[in-house]
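Structure first, then comments.
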Amino acid sequence: MDLQVPEQEASFRDEVRTFLEENLTDEIREAGKMVTSVFSPVKEAMAWQTILNDKGWAAPHWPKEFGGTGWSVTQRAIFAEELVRAETPPLVPMGLHMCGPCLIGCGTEEQQKEYLPKILSGEHFWCQGYSEPGAGSDLASLKTFAEKDGEDYIINGTKIWTTYAHHANKMFALVRTRKDGKPQQGITFLLLDMDLPGISIEPIVGLDEVPEQCQVFFDNVRVPQKNRVGEENDGWTVAKYLLTFERGGQEYAPSLHVQLEKIKMMASRQQTVFGSLQDDPVWQYKLAQLEADVLALEFTEMRIKSALSAGKDPGALSSMTKILGTELLQAITELRIETLGAQATIWQPQALVPGDEQPIIGPEYALTAMPHYLNSRACSIYGGSNEVQRGIIAKAVLGL
Amino acid sequence: MNFQLSEEQQMLADSAKRFVRDNSNVESHRQNKKLMPLNEATWQQLAELGWLAVPFEEEHGGMGMGPLETMVLLEALGEGLIMSPYIATVVLGGGFLRRADAATQAKTIPALIEGRLQLAFAAEEYERVFSLENTTLQGAVKGNDVVLNGTKASVMNGDQADLLVVLVRTAGQLGDKEGLSLFLVDANAEGIERAPHRMVDGRQGAEIRFADVSVSQDACIGELNKGYDVAKAVLQEGLLALSAESVGSMSVLLDDTVEYTKTRKQFGVPISKFQVLQFRMTDMFIAMEQTRSLLLASTLKYVEGHADADKAVHAMKAQLGRAGRKIGQEAIQIHGGMGMTDELGVGHFVKRLTAADGLFGNADVHLRGMVKPA
């Protein structure tokens, strides 16, 4: 066991850094600094995706034959870390990280040829139609129904928490095609166009006053059966494939480290009558707790990478990272508003919109603190709430 | 010891609750918070109900009540999404006016009570962890005048205020209690520039810049260089009011969350049946009741002038922050996606608690204050 970095990996990191320095535009860099969500401003994120795709780096985690990079687990991690360090806007994940892998694992050759290149290029902007008003944590109880009619399905129902549906031209959705039997067994995975007759979209304004999520309504929407991925009534298998595809793929620690460094800078600027907040033992104690937690998470994530590199199943560890990553992010955004005090209560979300020209009130570094604190509350709710995640560990790991 | 409300206090609480029931709804709150300035009609309603008169002497048209009645009123108002500059104008601004000279009182308090005069306490500064003695805004004494230079930040009601009470360092070193002065300044005086902004909870605030603003020493509240004690007393009344309002908001968050879990079904049952959620809502309840206890402790000790009143007020403000964050975060989490929307009241109450924590020193600041009471 050691922590040595092989020469070729160090030089790979240099290669990535050089690329970032040479290709990251000011607009994209600026947008990246203002991101207060896992979802970036669309225009800048897509511009960045185009630059990465031209280099062949838009989807390093895909198999090489579909447009991936063929990098090792470590190289992919280095790449992800460098993107985070440079504060690039995260790429919109629905196509690259959700729909794409499902098609790679379960799509027909025809579907792969049709969709995958357009996911990479950004021509297709995907949204995910999974949750419904009555099916959140209990996803398998979804009710949106697709009825067979000749060569088509006719869809009726509604989806909610559909991120960026108002920007998307494609949706991958889970719909019910059979009402009897086990709930998971009557679900089908479908691809559809967002401009089909009968689809209407209502944006939902969030706590940060940004319409990031949407509700989507389906009124007799006709979708060809050839848009089905996998077998009819077997959509649950397609959706679950994603879980195995990117195991260990998402790392939280690099971005959390960056956030902690920025908080230190902010604390150094805040003066008490005894000196800066950064020198205050109470503040230091809080920071130290978070630094210890993030270091532990970093090594938990490294254990996963190490297992994957050795071709082993990391097992329980990867189940933990969503809980830890999201809750640490929340704790860090909380320490940030604590560090800023009343300055964090100044509310100017319009200043986060790229291109906004209004003068900023207060220190610029305080601008993202409150929107990020509020937005990050969603991290323990979406993608399987942390209650659901704990339930999974209790069942699958502890055998309860 | 008696914790029962008097008949008069009970009436105040009942009418405030009625007002909230009739006037508070999420949709109008969403619209109101976009307004600059705030909805004037609401303020006039509060004036007509006599609530702006609560803490003032009867000779000025006041009701002759004190922090206990303010507590009762604000806890009830805190249960609604009523946005008003009550704390900035009546509790903080009014608190200073009550300690001003007789002529100033006669000139200002009746107008305030009628809803024609708005105030703000300009105390916070950028990159200064809040405490009164951490004030850098400079006041240079020149004969009978004092010339103000510097910037005040996150001033509640700062853009709407007609009069500002400005906390100024006129002598001494940073960190000294000695050498602080309070000036009552026309908000439109020459040299004052205001940059209005919303606060996270929708309240109005402003950055206020002072460039060679000349004020007469006659505008000093209390004695020159001896403003600390006055500022502390008024600030404590403000913190108690903010805390009372927060307790009202906490109780709504708890009630809404409990109700939501009874109607929200997942896995075939109302999610209120899940023990993990029951325990967490129980902890929300405990946190809220502990906050209510500290509210009583701090308000009564302040009113009766107990030796440990300062410590109790610090404890209260710290509890507001700690319990407010816990209750707010759990309310959102247990509501799931719905808790993240601008559409439900939950988020708006959470924002109010978050703002209340951040203003005038957050939980950490006041916990430190308990160790070394000011």
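By convention in this document, the chains of the structure tokens carry letters A, B, ... by their order, each chain's residues are numbered from 1, and ligands are numbered from 1 in the order they are shown.
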Dump as CSV the rows for residues of chain A within 8 Å of chain B: closest atom pair and distance in Å with one decimal, only C-alpha atoms counted, ordered by chain and rising residue number.
```
residue,atom,partner,partner_atom,distance
A:Gly134,CA,B:Gln266,CA,7.4
A:Ala135,CA,B:Gln266,CA,7.1
A:Gly136,CA,B:Gln266,CA,7.7
A:Ser137,CA,B:Gln266,CA,7.0
A:Asp138,CA,B:Gln266,CA,5.6
A:Ser141,CA,B:Phe267,CA,7.7
A:Trp161,CA,B:Gly337,CA,7.3
A:Ile204,CA,B:Thr341,CA,6.9
A:Val205,CA,B:Asp342,CA,5.6
A:Gly206,CA,B:Thr341,CA,4.3
A:Leu207,CA,B:Asp342,CA,5.2
A:Glu209,CA,B:Asp342,CA,6.9
A:Arg269,CA,B:Glu127,CA,6.1
A:Gln270,CA,B:Glu127,CA,4.4
A:Gln271,CA,B:Arg128,CA,4.8
A:Thr272,CA,B:Val129,CA,5.2
A:Val273,CA,B:Gly175,CA,5.1
A:Phe274,CA,B:Gly175,CA,7.9
A:Leu277,CA,B:Val129,CA,7.8
A:Val282,CA,B:Asp364,CA,7.8
A:Ile337,CA,B:Gly358,CA,7.8
A:Glu338,CA,B:Asn362,CA,6.9
A:Leu340,CA,B:Glu127,CA,7.7
A:Gly341,CA,B:Gly358,CA,4.8
A:Ala342,CA,B:Gly358,CA,4.7
A:Gln343,CA,B:Ser154,CA,6.5
A:Ala344,CA,B:Gly358,CA,7.3
A:Thr345,CA,B:Val200,CA,5.2
A:Ile346,CA,B:Met199,CA,4.7
A:Trp347,CA,B:Val200,CA,4.8
A:Gln348,CA,B:Arg198,CA,7.0
A:Ile361,CA,B:Glu207,CA,7.3
A:Gly362,CA,B:Tyr126,CA,7.0
A:Pro363,CA,B:Tyr126,CA,7.6
A:Met370,CA,B:Val200,CA,7.7
A:Asn375,CA,B:Met340,CA,7.8
A:Arg377,CA,B:Gln329,CA,7.3
A:Ala378,CA,B:Met340,CA,6.7
A:Ser380,CA,B:Gln333,CA,7.4
A:Ile381,CA,B:Gly336,CA,5.8
A:Tyr382,CA,B:Gly337,CA,7.6
```
Do you know which residues are at most 6 Å from range 38-54 of chain B counting only C-alpha atoms, after dropping those on the same chain fewer than 5 positions away, and could you put them as a list in words? Gly62, Met63, Met65, Ile113, Glu114 and Gly115 of chain B
Could the residues of range 155-241 of chain B that have an atom at most 7 Å from range 94-108 of chain B be listed as a Markdown table, each with its closest atom pair and the distance in Å to one decimal, counting only C-alpha atoms and ordered by chain and ascending residue number?
```
| residue | atom | partner | partner_atom | distance |
| --- | --- | --- | --- | --- |
| B:Ile221 | CA | B:Ala100 | CA | 5.2 |
| B:Gly222 | CA | B:Ala100 | CA | 6.6 |
| B:Val234 | CA | B:Gly95 | CA | 5.5 |
```
Print the selection's residues with N, CA and C atoms to a file, as an mmCIF file, in the first residue's frame.
```
data_model
loop_
_atom_site.group_PDB
_atom_site.id
_atom_site.type_symbol
_atom_site.label_atom_id
_atom_site.label_comp_id
_atom_site.auth_asym_id
_atom_site.auth_seq_id
_atom_site.Cartn_x
_atom_site.Cartn_y
_atom_site.Cartn_z
ATOM 1 N N ILE B 221 -28.200 60.508 20.403
ATOM 2 C CA ILE B 221 -29.117 59.878 21.364
ATOM 3 C C ILE B 221 -28.280 59.448 22.562
ATOM 4 N N GLY B 222 -28.622 59.955 23.722
ATOM 5 C CA GLY B 222 -27.764 59.746 24.890
ATOM 6 C C GLY B 222 -26.563 60.670 24.767
ATOM 7 N N VAL B 234 -31.392 48.692 23.477
ATOM 8 C CA VAL B 234 -32.333 48.670 22.348
ATOM 9 C C VAL B 234 -32.100 47.418 21.501
#
```
Find the residues near Asp218 in chain B: any atom within 9 Å, counting only C-alpha atoms, skip ones fewer than 3 places away on the same chain, and give them as a list of chain:residue names. B:Asn144, B:Asp145, B:Phe183, B:Val215, B:Ile221
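The interatomic distance for the pair CA of Glu30 in chain A and CA of Lys262 in chain A works out to 15.6 Å.
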Picked from range 104-299 of chain B by DSSP as helix (DSSP H, G or I), as a PyMOL selection string: chain B and resi 104-113+132-134+217-219+228-263+271-273+275-299
I need the residues of range 177-335 of chain B that end up classed as strand (DSSP E or B) by DSSP on the backbone, written out as a compact mmCIF listing (two decimals) with N, CA and C atoms, in the first residue's frame.
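So selection-v4.txt came out as:
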```
# COMPACT_ATOMS: atom_id res chain seq x y z
N LEU B 180 -18.41 55.00 21.55
CA LEU B 180 -19.46 54.76 20.57
C LEU B 180 -20.58 55.78 20.78
N SER B 181 -21.12 56.27 19.68
CA SER B 181 -22.21 57.25 19.77
C SER B 181 -23.32 56.86 18.81
N LEU B 182 -24.53 57.32 19.12
CA LEU B 182 -25.70 57.05 18.28
C LEU B 182 -26.24 58.37 17.76
N PHE B 183 -26.44 58.44 16.46
CA PHE B 183 -26.99 59.66 15.88
C PHE B 183 -28.28 59.36 15.14
N LEU B 184 -29.24 60.27 15.33
CA LEU B 184 -30.50 60.19 14.61
C LEU B 184 -30.35 61.08 13.38
N VAL B 185 -30.36 60.45 12.23
CA VAL B 185 -30.00 61.17 11.00
C VAL B 185 -31.13 61.05 9.98
N ASP B 186 -31.42 62.17 9.33
CA ASP B 186 -32.37 62.16 8.22
C ASP B 186 -31.79 61.26 7.11
N ILE B 192 -25.51 60.98 2.07
CA ILE B 192 -25.94 59.60 2.31
C ILE B 192 -26.39 58.99 0.99
N GLU B 193 -25.86 57.82 0.69
CA GLU B 193 -26.28 57.09 -0.50
C GLU B 193 -26.77 55.73 -0.08
N ARG B 194 -27.93 55.36 -0.59
CA ARG B 194 -28.48 54.07 -0.18
C ARG B 194 -28.59 53.13 -1.39
N ALA B 195 -28.15 51.91 -1.23
CA ALA B 195 -28.32 50.88 -2.26
C ALA B 195 -29.30 49.85 -1.71
N PRO B 196 -30.56 49.94 -2.13
CA PRO B 196 -31.56 49.03 -1.58
C PRO B 196 -31.40 47.61 -2.12
N HIS B 197 -31.76 46.66 -1.30
CA HIS B 197 -31.77 45.26 -1.74
C HIS B 197 -32.79 44.50 -0.93
N ARG B 198 -33.15 43.32 -1.44
CA ARG B 198 -34.00 42.45 -0.64
C ARG B 198 -33.11 41.67 0.32
N MET B 199 -33.73 41.26 1.45
CA MET B 199 -33.06 40.29 2.31
C MET B 199 -33.61 38.92 1.88
N GLN B 204 -36.99 44.21 3.28
CA GLN B 204 -36.18 45.17 2.54
C GLN B 204 -34.97 45.56 3.37
N GLY B 205 -33.87 45.70 2.69
CA GLY B 205 -32.66 46.14 3.36
C GLY B 205 -31.90 47.11 2.49
N ALA B 206 -30.82 47.61 3.02
CA ALA B 206 -30.01 48.51 2.21
C ALA B 206 -28.58 48.57 2.72
N GLU B 207 -27.70 48.83 1.77
CA GLU B 207 -26.36 49.27 2.12
C GLU B 207 -26.44 50.80 2.18
N ILE B 208 -25.87 51.38 3.23
CA ILE B 208 -25.94 52.84 3.37
C ILE B 208 -24.54 53.41 3.50
N ARG B 209 -24.20 54.26 2.56
CA ARG B 209 -22.85 54.86 2.54
C ARG B 209 -22.91 56.30 3.04
N PHE B 210 -22.00 56.62 3.91
CA PHE B 210 -21.92 57.97 4.47
C PHE B 210 -20.62 58.62 3.99
N ALA B 211 -20.76 59.71 3.25
CA ALA B 211 -19.58 60.43 2.78
C ALA B 211 -19.66 61.87 3.28
N ASP B 212 -18.85 62.16 4.29
CA ASP B 212 -18.83 63.50 4.90
C ASP B 212 -20.23 63.98 5.26
N VAL B 213 -20.96 63.14 5.95
CA VAL B 213 -22.30 63.53 6.39
C VAL B 213 -22.17 64.27 7.72
N SER B 214 -22.59 65.50 7.69
CA SER B 214 -22.43 66.34 8.88
C SER B 214 -23.71 66.32 9.71
N VAL B 215 -23.57 65.93 10.98
CA VAL B 215 -24.74 65.95 11.87
C VAL B 215 -24.41 66.76 13.13
N SER B 216 -25.44 67.39 13.64
CA SER B 216 -25.25 68.18 14.85
C SER B 216 -25.15 67.23 16.05
N CYS B 220 -27.50 63.53 18.77
CA CYS B 220 -26.95 62.37 19.48
C CYS B 220 -28.00 61.81 20.44
N ILE B 221 -28.20 60.51 20.40
CA ILE B 221 -29.12 59.88 21.36
C ILE B 221 -28.28 59.45 22.56
N LYS B 226 -20.89 57.79 24.74
CA LYS B 226 -21.44 56.89 25.77
C LYS B 226 -22.68 56.19 25.22
N LYS B 265 -48.59 10.00 1.08
CA LYS B 265 -48.44 8.54 1.14
C LYS B 265 -47.31 8.07 0.23
N GLN B 266 -46.47 7.20 0.76
CA GLN B 266 -45.46 6.50 -0.03
C GLN B 266 -45.40 5.07 0.50
N VAL B 269 -48.45 3.83 2.68
CA VAL B 269 -48.87 4.35 3.98
C VAL B 269 -48.53 5.83 4.08
N PRO B 270 -49.25 6.54 4.95
CA PRO B 270 -48.83 7.94 5.20
C PRO B 270 -47.42 7.92 5.78
```
Contacts of range 118-128 of chain A within 10 Å, only C-alpha atoms, excl. fewer than 5 positions in-chain, as a VMD selection string: chain A and resid 42 45 to 47 49 to 54 56 to 59 66 to 68 92 to 100 112 to 113 159 to 174 191 to 194
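Near Leu296 in chain B, within a cut-off of 10 Å and counting only C-alpha atoms, sit the residues Phe3, Leu68, Met71, Leu240, Ala244, Gln290, Thr291, Arg292, Leu300, Lys301, Tyr302, Ala312 and Met316 of chain B, with same-chain residues fewer than 4 positions away left out.
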